[in-house]
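Trainee: Just so it is clear, I am handing over protein_39.pdb, which has PDB, C-alpha atoms, pLDDT in the B column.
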```pdb
ATOM      1  CA  TYR A   1      38.111  42.327  39.213  1.00 48.00           C
ATOM      2  CA  LEU A   2      38.020  39.318  36.953  1.00 50.00           C
ATOM      3  CA  TYR A   3      34.346  40.081  36.348  1.00 56.00           C
ATOM      4  CA  ARG A   4      35.019  43.556  34.996  1.00 55.00           C
ATOM      5  CA  SER A   5      37.471  42.433  32.323  1.00 56.00           C
ATOM      6  CA  ARG A   6      35.225  39.640  31.028  1.00 64.00           C
ATOM      7  CA  LEU A   7      31.760  40.948  31.847  1.00 67.00           C
ATOM      8  CA  SER A   8      29.999  39.808  28.661  1.00 66.00           C
ATOM      9  CA  GLU A   9      31.267  36.234  29.132  1.00 69.00           C
ATOM     10  CA  VAL A  10      30.228  36.237  32.772  1.00 69.00           C
ATOM     11  CA  LEU A  11      26.697  37.364  31.985  1.00 69.00           C
ATOM     12  CA  ASP A  12      26.229  34.622  29.386  1.00 71.00           C
ATOM     13  CA  ASP A  13      27.187  31.830  31.778  1.00 73.00           C
ATOM     14  CA  HIS A  14      24.755  30.498  34.381  1.00 78.00           C
ATOM     15  CA  HIS A  15      27.384  29.718  37.010  1.00 79.00           C
ATOM     16  CA  LEU A  16      29.415  32.887  36.518  1.00 79.00           C
ATOM     17  CA  SER A  17      26.367  35.155  36.576  1.00 82.00           C
ATOM     18  CA  GLY A  18      25.320  33.404  39.776  1.00 86.00           C
ATOM     19  CA  ALA A  19      28.772  34.014  41.236  1.00 84.00           C
ATOM     20  CA  LEU A  20      28.540  37.662  40.234  1.00 83.00           C
ATOM     21  CA  SER A  21      25.135  37.964  41.913  1.00 89.00           C
ATOM     22  CA  ARG A  22      26.545  36.376  45.052  1.00 91.00           C
ATOM     23  CA  THR A  23      29.531  38.757  44.952  1.00 88.00           C
ATOM     24  CA  LEU A  24      27.152  41.715  44.886  1.00 90.00           C
ATOM     25  CA  GLU A  25      25.364  40.215  47.865  1.00 92.00           C
ATOM     26  CA  ILE A  26      28.310  39.538  50.150  1.00 93.00           C
ATOM     27  CA  MET A  27      30.780  42.312  49.343  1.00 91.00           C
ATOM     28  CA  SER A  28      30.408  45.884  50.504  1.00 90.00           C
ATOM     29  CA  ASN A  29      28.988  48.552  48.225  1.00 86.00           C
ATOM     30  CA  ASP A  30      32.362  50.292  48.272  1.00 88.00           C
ATOM     31  CA  GLU A  31      33.973  47.178  46.830  1.00 87.00           C
ATOM     32  CA  THR A  32      31.279  46.441  44.253  1.00 88.00           C
ATOM     33  CA  GLY A  33      30.417  50.007  43.227  1.00 90.00           C
ATOM     34  CA  PRO A  34      32.822  50.125  40.249  1.00 87.00           C
ATOM     35  CA  LEU A  35      31.607  46.720  39.107  1.00 86.00           C
ATOM     36  CA  VAL A  36      27.960  47.792  39.235  1.00 90.00           C
ATOM     37  CA  GLU A  37      28.866  50.936  37.297  1.00 90.00           C
ATOM     38  CA  ASP A  38      30.182  48.620  34.549  1.00 85.00           C
ATOM     39  CA  ILE A  39      26.981  46.570  34.649  1.00 86.00           C
ATOM     40  CA  LEU A  40      24.491  49.464  34.539  1.00 90.00           C
ATOM     41  CA  PRO A  41      24.812  50.243  30.802  1.00 89.00           C
ATOM     42  CA  SER A  42      23.816  46.623  30.086  1.00 85.00           C
ATOM     43  CA  VAL A  43      21.170  46.196  32.765  1.00 89.00           C
ATOM     44  CA  GLU A  44      18.205  46.814  30.463  1.00 90.00           C
ATOM     45  CA  GLY A  45      19.190  43.816  28.352  1.00 87.00           C
ATOM     46  CA  LEU A  46      20.119  41.789  31.421  1.00 88.00           C
ATOM     47  CA  MET A  47      16.562  42.049  32.708  1.00 92.00           C
ATOM     48  CA  ARG A  48      15.422  39.967  29.711  1.00 91.00           C
ATOM     49  CA  HIS A  49      18.397  37.564  29.761  1.00 89.00           C
ATOM     50  CA  SER A  50      18.009  34.039  31.150  1.00 87.00           C
ATOM     51  CA  PHE A  51      21.079  34.365  33.372  1.00 86.00           C
ATOM     52  CA  GLY A  52      21.638  38.111  33.466  1.00 87.00           C
ATOM     53  CA  ASN A  53      18.294  38.726  35.164  1.00 92.00           C
ATOM     54  CA  PHE A  54      19.794  37.357  38.379  1.00 91.00           C
ATOM     55  CA  VAL A  55      22.433  40.078  38.212  1.00 91.00           C
ATOM     56  CA  ALA A  56      19.691  42.691  37.757  1.00 93.00           C
ATOM     57  CA  HIS A  57      17.971  41.196  40.820  1.00 93.00           C
ATOM     58  CA  ALA A  58      21.197  41.521  42.823  1.00 94.00           C
ATOM     59  CA  VAL A  59      21.671  45.147  41.791  1.00 95.00           C
ATOM     60  CA  LEU A  60      18.096  45.905  42.888  1.00 95.00           C
ATOM     61  CA  GLU A  61      18.535  44.163  46.194  1.00 94.00           C
ATOM     62  CA  PHE A  62      22.142  44.918  47.141  1.00 94.00           C
ATOM     63  CA  GLY A  63      23.224  47.876  45.010  1.00 93.00           C
ATOM     64  CA  GLN A  64      23.764  51.397  46.212  1.00 94.00           C
ATOM     65  CA  PRO A  65      20.616  53.547  46.269  1.00 94.00           C
ATOM     66  CA  HIS A  66      21.470  55.354  43.022  1.00 95.00           C
ATOM     67  CA  HIS A  67      22.120  51.997  41.286  1.00 95.00           C
ATOM     68  CA  ARG A  68      18.785  50.637  42.501  1.00 95.00           C
ATOM     69  CA  LYS A  69      17.052  53.827  41.360  1.00 96.00           C
ATOM     70  CA  HIS A  70      18.631  53.536  37.912  1.00 96.00           C
ATOM     71  CA  VAL A  71      17.336  49.986  37.438  1.00 96.00           C
ATOM     72  CA  ALA A  72      13.890  50.882  38.784  1.00 96.00           C
ATOM     73  CA  ASP A  73      13.670  53.879  36.436  1.00 96.00           C
ATOM     74  CA  LEU A  74      14.481  51.632  33.467  1.00 96.00           C
ATOM     75  CA  ILE A  75      11.727  49.260  34.529  1.00 95.00           C
ATOM     76  CA  LEU A  76       9.255  52.072  35.023  1.00 92.00           C
ATOM     77  CA  ALA A  77       9.960  53.423  31.537  1.00 92.00           C
ATOM     78  CA  ASP A  78       8.874  50.110  29.970  1.00 89.00           C
ATOM     79  CA  VAL A  79       6.896  48.387  32.722  1.00 87.00           C
ATOM     80  CA  VAL A  80       4.188  46.910  30.492  1.00 81.00           C
ATOM     81  CA  ARG A  81       6.536  45.230  28.032  1.00 86.00           C
ATOM     82  CA  LEU A  82       8.873  44.002  30.778  1.00 89.00           C
ATOM     83  CA  SER A  83       5.928  42.654  32.788  1.00 86.00           C
ATOM     84  CA  LYS A  84       4.883  40.549  29.799  1.00 84.00           C
ATOM     85  CA  HIS A  85       8.360  39.104  29.267  1.00 86.00           C
ATOM     86  CA  ARG A  86       8.966  35.590  30.616  1.00 87.00           C
ATOM     87  CA  VAL A  87      12.232  36.528  32.354  1.00 90.00           C
ATOM     88  CA  ALA A  88      11.919  40.285  32.862  1.00 90.00           C
ATOM     89  CA  SER A  89       8.618  39.886  34.702  1.00 88.00           C
ATOM     90  CA  ASN A  90      10.615  38.400  37.582  1.00 89.00           C
ATOM     91  CA  VAL A  91      12.810  41.499  37.691  1.00 94.00           C
ATOM     92  CA  VAL A  92       9.686  43.684  37.798  1.00 92.00           C
ATOM     93  CA  ARG A  93       8.454  41.626  40.759  1.00 90.00           C
ATOM     94  CA  LYS A  94      11.808  42.092  42.502  1.00 94.00           C
ATOM     95  CA  ALA A  95      11.658  45.853  41.885  1.00 95.00           C
ATOM     96  CA  LEU A  96       8.240  45.983  43.538  1.00 92.00           C
ATOM     97  CA  ARG A  97       9.918  44.668  46.693  1.00 92.00           C
ATOM     98  CA  ALA A  98      13.473  46.014  46.542  1.00 94.00           C
ATOM     99  CA  ALA A  99      13.518  49.305  44.617  1.00 95.00           C
ATOM    100  CA  PRO A 100      13.787  52.580  46.550  1.00 94.00           C
ATOM    101  CA  GLU A 101      10.426  53.663  47.964  1.00 95.00           C
ATOM    102  CA  PRO A 102       9.583  56.466  45.469  1.00 95.00           C
ATOM    103  CA  GLU A 103      10.206  54.111  42.546  1.00 95.00           C
ATOM    104  CA  ARG A 104       8.252  51.282  44.203  1.00 93.00           C
ATOM    105  CA  THR A 105       5.319  53.639  44.604  1.00 93.00           C
ATOM    106  CA  ALA A 106       5.538  54.712  40.963  1.00 92.00           C
ATOM    107  CA  LEU A 107       5.666  51.075  39.838  1.00 89.00           C
ATOM    108  CA  ARG A 108       2.658  50.193  41.999  1.00 86.00           C
ATOM    109  CA  GLU A 109       0.712  53.114  40.546  1.00 86.00           C
ATOM    110  CA  ALA A 110       1.619  52.124  36.992  1.00 83.00           C
ATOM    111  CA  LEU A 111       0.446  48.569  37.647  1.00 80.00           C
ATOM    112  CA  SER A 112      -2.540  49.409  39.867  1.00 75.00           C
ATOM    113  CA  PRO A 113      -6.050  48.231  38.971  1.00 68.00           C
ATOM    114  CA  GLY A 114      -6.978  51.806  38.093  1.00 66.00           C
ATOM    115  CA  GLY A 115      -4.100  52.022  35.626  1.00 60.00           C
ATOM    116  CA  ALA A 116      -4.813  51.634  31.934  1.00 58.00           C
ATOM    117  CA  CYS A 117      -2.503  48.645  31.593  1.00 62.00           C
ATOM    118  CA  ALA A 118      -3.833  46.569  34.503  1.00 59.00           C
ATOM    119  CA  ILE A 119      -6.531  44.539  32.708  1.00 57.00           C
ATOM    120  CA  PRO A 120      -4.408  43.444  29.728  1.00 63.00           C
ATOM    121  CA  LEU A 121      -1.603  42.555  32.154  1.00 62.00           C
ATOM    122  CA  ALA A 122      -3.911  40.563  34.404  1.00 60.00           C
ATOM    123  CA  ARG A 123      -4.822  38.377  31.430  1.00 60.00           C
ATOM    124  CA  HIS A 124      -1.222  37.820  30.315  1.00 58.00           C
ATOM    125  CA  LYS A 125       0.465  34.553  31.326  1.00 60.00           C
ATOM    126  CA  PHE A 126       3.633  36.204  32.708  1.00 63.00           C
ATOM    127  CA  ALA A 127       2.375  39.659  33.652  1.00 57.00           C
ATOM    128  CA  SER A 128      -0.350  38.228  35.843  1.00 52.00           C
ATOM    129  CA  PHE A 129       2.363  37.212  38.336  1.00 58.00           C
ATOM    130  CA  VAL A 130       3.532  40.827  38.558  1.00 62.00           C
ATOM    131  CA  LEU A 131       0.101  42.080  39.570  1.00 52.00           C
TER
END
```
Show this structure as structure tokens.

Mentor:
Amino acid sequence: YLYRSRLSEVLDDHHLSGALSRTLEIMSNDETGPLVEDILPSVEGLMRHSFGNFVAHAVLEFGQPHHRKHVADLILADVVRLSKHRVASNVVRKALRAAPEPERTALREALSPGGACAIPLARHKFASFVL
């Protein structure tokens, strides 16, 4: 894969990160599995990156179940901070729709009105879209 050898360049370019997201969408998991494995160590930073967040979205939506779980677990570990981030809040929203069911449930519980973080998040300009 061209993407694998130049991953950092791809993730910093709007068009190339879009092409990578599209590749994850249209190719089979067997074909993209090694590529996603290369992306996973960087996915936490990608969630907050202007272009890389689209790649994180694609992994959540089209990745293999264990890849999707990995991303969702990273979100769950820092859900409040990510929900308040201008870019990462969109990835949190995607996880609420596309993560595996146990992780979606855990995210919903963490963000629920009964949760300790719900009121400060509801008042935040980016996090309010997550709730």

Trainee: What's the separation between CA of Thr32 in chain A and CA of Gln64 in chain A, in Å to one decimal place?

Mentor: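 The value is 9.2 Å.
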
Trainee: Out of A:Leu96, A:Ala56, A:Leu40, A:Leu107, which residue has the shortest atom-to-atom distance to Gly18 in chain A when counting only C-alpha atoms?

Mentor: A:Ala56

Trainee: For each of A:Met47, A:Ala106, A:Leu35, A:Ile26, take the minimum atom-to-atom distance to Ser83 in chain A, counting all atoms listed in the file, then give the residue where this is smallest.

Mentor: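 Smallest distance to Ser83 in chain A is found for A:Met47.
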
Trainee: Report as a PyMOL selection string the full result of the PyMOL selection byres ((chain A and resi 55) around 9) when it is applied to this structure.

Mentor: chain A and resi 11+17-18+20-22+24+39+43+46-47+51-54+56-60

Trainee: Go ahead and compute the interatomic distance for CA of Asp73 in chain A and CA of His15 in chain A, in Å to one decimal.

Mentor: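 Between CA of Asp73 in chain A and CA of His15 in chain A the gap works out to 27.8 Å.
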
Trainee: Looking at all atoms listed in the file, which of A:Glu101, A:Asp12, A:Glu44, A:Glu61 is the one that sits closest to Asp78 in chain A?

Mentor: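 Checking each of A:Glu101, A:Asp12, A:Glu44, A:Glu61 against Asp78 in chain A, counting all atoms listed in the file, the winner is A:Glu44.
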
Trainee: Out of A:Pro100, A:Val71, A:Pro65, A:Arg48, which residue has the shortest atom-to-atom distance to Lys84 in chain A when counting all atoms listed in the file?

Mentor: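 Ranked by minimum distance to Lys84 in chain A, first place goes to A:Arg48.
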
Trainee: Record the distance separating CA of Glu109 in chain A and CA of Val91 in chain A, expressed in Å with one decimal.

Mentor: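 Atom-to-atom, CA of Glu109 in chain A to CA of Val91 in chain A, that is 17.0 Å.
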
Trainee: Compare A:Arg104, A:Val36, A:Ala95, A:Phe62 by their minimum atom-to-atom distance to Leu82 in chain A, counting all atoms listed in the file, and give me the closest one.

Mentor: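 Counting all atoms listed in the file, the residue closest to Leu82 in chain A is A:Ala95.
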
Trainee: If we count all atoms listed in the file, what is near Glu103 in chain A at a cut-off of 8 Å, once residues fewer than 5 positions away on the same chain are taken out, given as a PyMOL selection string?

Mentor: chain A and resi 69+72-73+76

Trainee: Closest to Ala88 in chain A among A:Gly33, A:Gly45, A:Gly63, A:Pro102, using all atoms listed in the file?

Mentor: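 The shortest atom-to-atom distance to Ala88 in chain A comes from A:Gly45.
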
Trainee: Writing N, CA, C and O atoms and nothing else, produce range 18-30 of chain A as a CSV table (one decimal), in the first residue's frame.

Mentor:
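out_20.csv was written with the following content:
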```
chain,number,residue,atom,x,y,z
A,18,GLY,N,-8.9,11.9,2.9
A,18,GLY,CA,-10.2,11.6,2.3
A,18,GLY,C,-10.1,10.3,1.5
A,18,GLY,O,-11.0,9.5,1.5
A,19,ALA,N,-9.1,10.2,0.7
A,19,ALA,CA,-8.9,9.0,-0.1
A,19,ALA,C,-8.7,7.8,0.7
A,19,ALA,O,-9.2,6.7,0.5
A,20,LEU,N,-8.0,7.9,1.8
A,20,LEU,CA,-7.8,6.8,2.7
A,20,LEU,C,-9.1,6.4,3.4
A,20,LEU,O,-9.4,5.2,3.5
A,21,SER,N,-9.9,7.4,3.8
A,21,SER,CA,-11.2,7.1,4.4
A,21,SER,C,-12.1,6.3,3.4
A,21,SER,O,-12.7,5.4,3.7
A,22,ARG,N,-12.0,6.8,2.1
A,22,ARG,CA,-12.8,6.1,1.1
A,22,ARG,C,-12.3,4.7,0.8
A,22,ARG,O,-13.1,3.8,0.6
A,23,THR,N,-11.0,4.5,0.9
A,23,THR,CA,-10.4,3.2,0.7
A,23,THR,C,-10.9,2.2,1.8
A,23,THR,O,-11.3,1.1,1.5
A,24,LEU,N,-11.0,2.7,3.0
A,24,LEU,CA,-11.5,1.9,4.1
A,24,LEU,C,-13.0,1.6,3.9
A,24,LEU,O,-13.4,0.5,4.3
A,25,GLU,N,-13.7,2.4,3.3
A,25,GLU,CA,-15.1,2.2,3.0
A,25,GLU,C,-15.3,1.2,1.9
A,25,GLU,O,-16.2,0.3,2.1
A,26,ILE,N,-14.6,1.2,0.8
A,26,ILE,CA,-14.9,0.4,-0.3
A,26,ILE,C,-14.2,-0.9,-0.4
A,26,ILE,O,-14.7,-1.8,-1.0
A,27,MET,N,-13.0,-1.0,0.3
A,27,MET,CA,-12.3,-2.3,0.2
A,27,MET,C,-12.7,-3.2,1.3
A,27,MET,O,-13.3,-2.8,2.3
A,28,SER,N,-12.5,-4.5,1.2
A,28,SER,CA,-12.8,-5.4,2.2
A,28,SER,C,-12.0,-5.3,3.4
A,28,SER,O,-10.8,-4.8,3.3
A,29,ASN,N,-12.5,-5.8,4.5
A,29,ASN,CA,-11.7,-5.8,5.8
A,29,ASN,C,-10.4,-6.6,5.7
A,29,ASN,O,-9.4,-6.2,6.3
A,30,ASP,N,-10.4,-7.6,4.9
A,30,ASP,CA,-9.2,-8.4,4.7
A,30,ASP,C,-8.2,-7.6,4.0
A,30,ASP,O,-7.0,-7.8,4.3
```
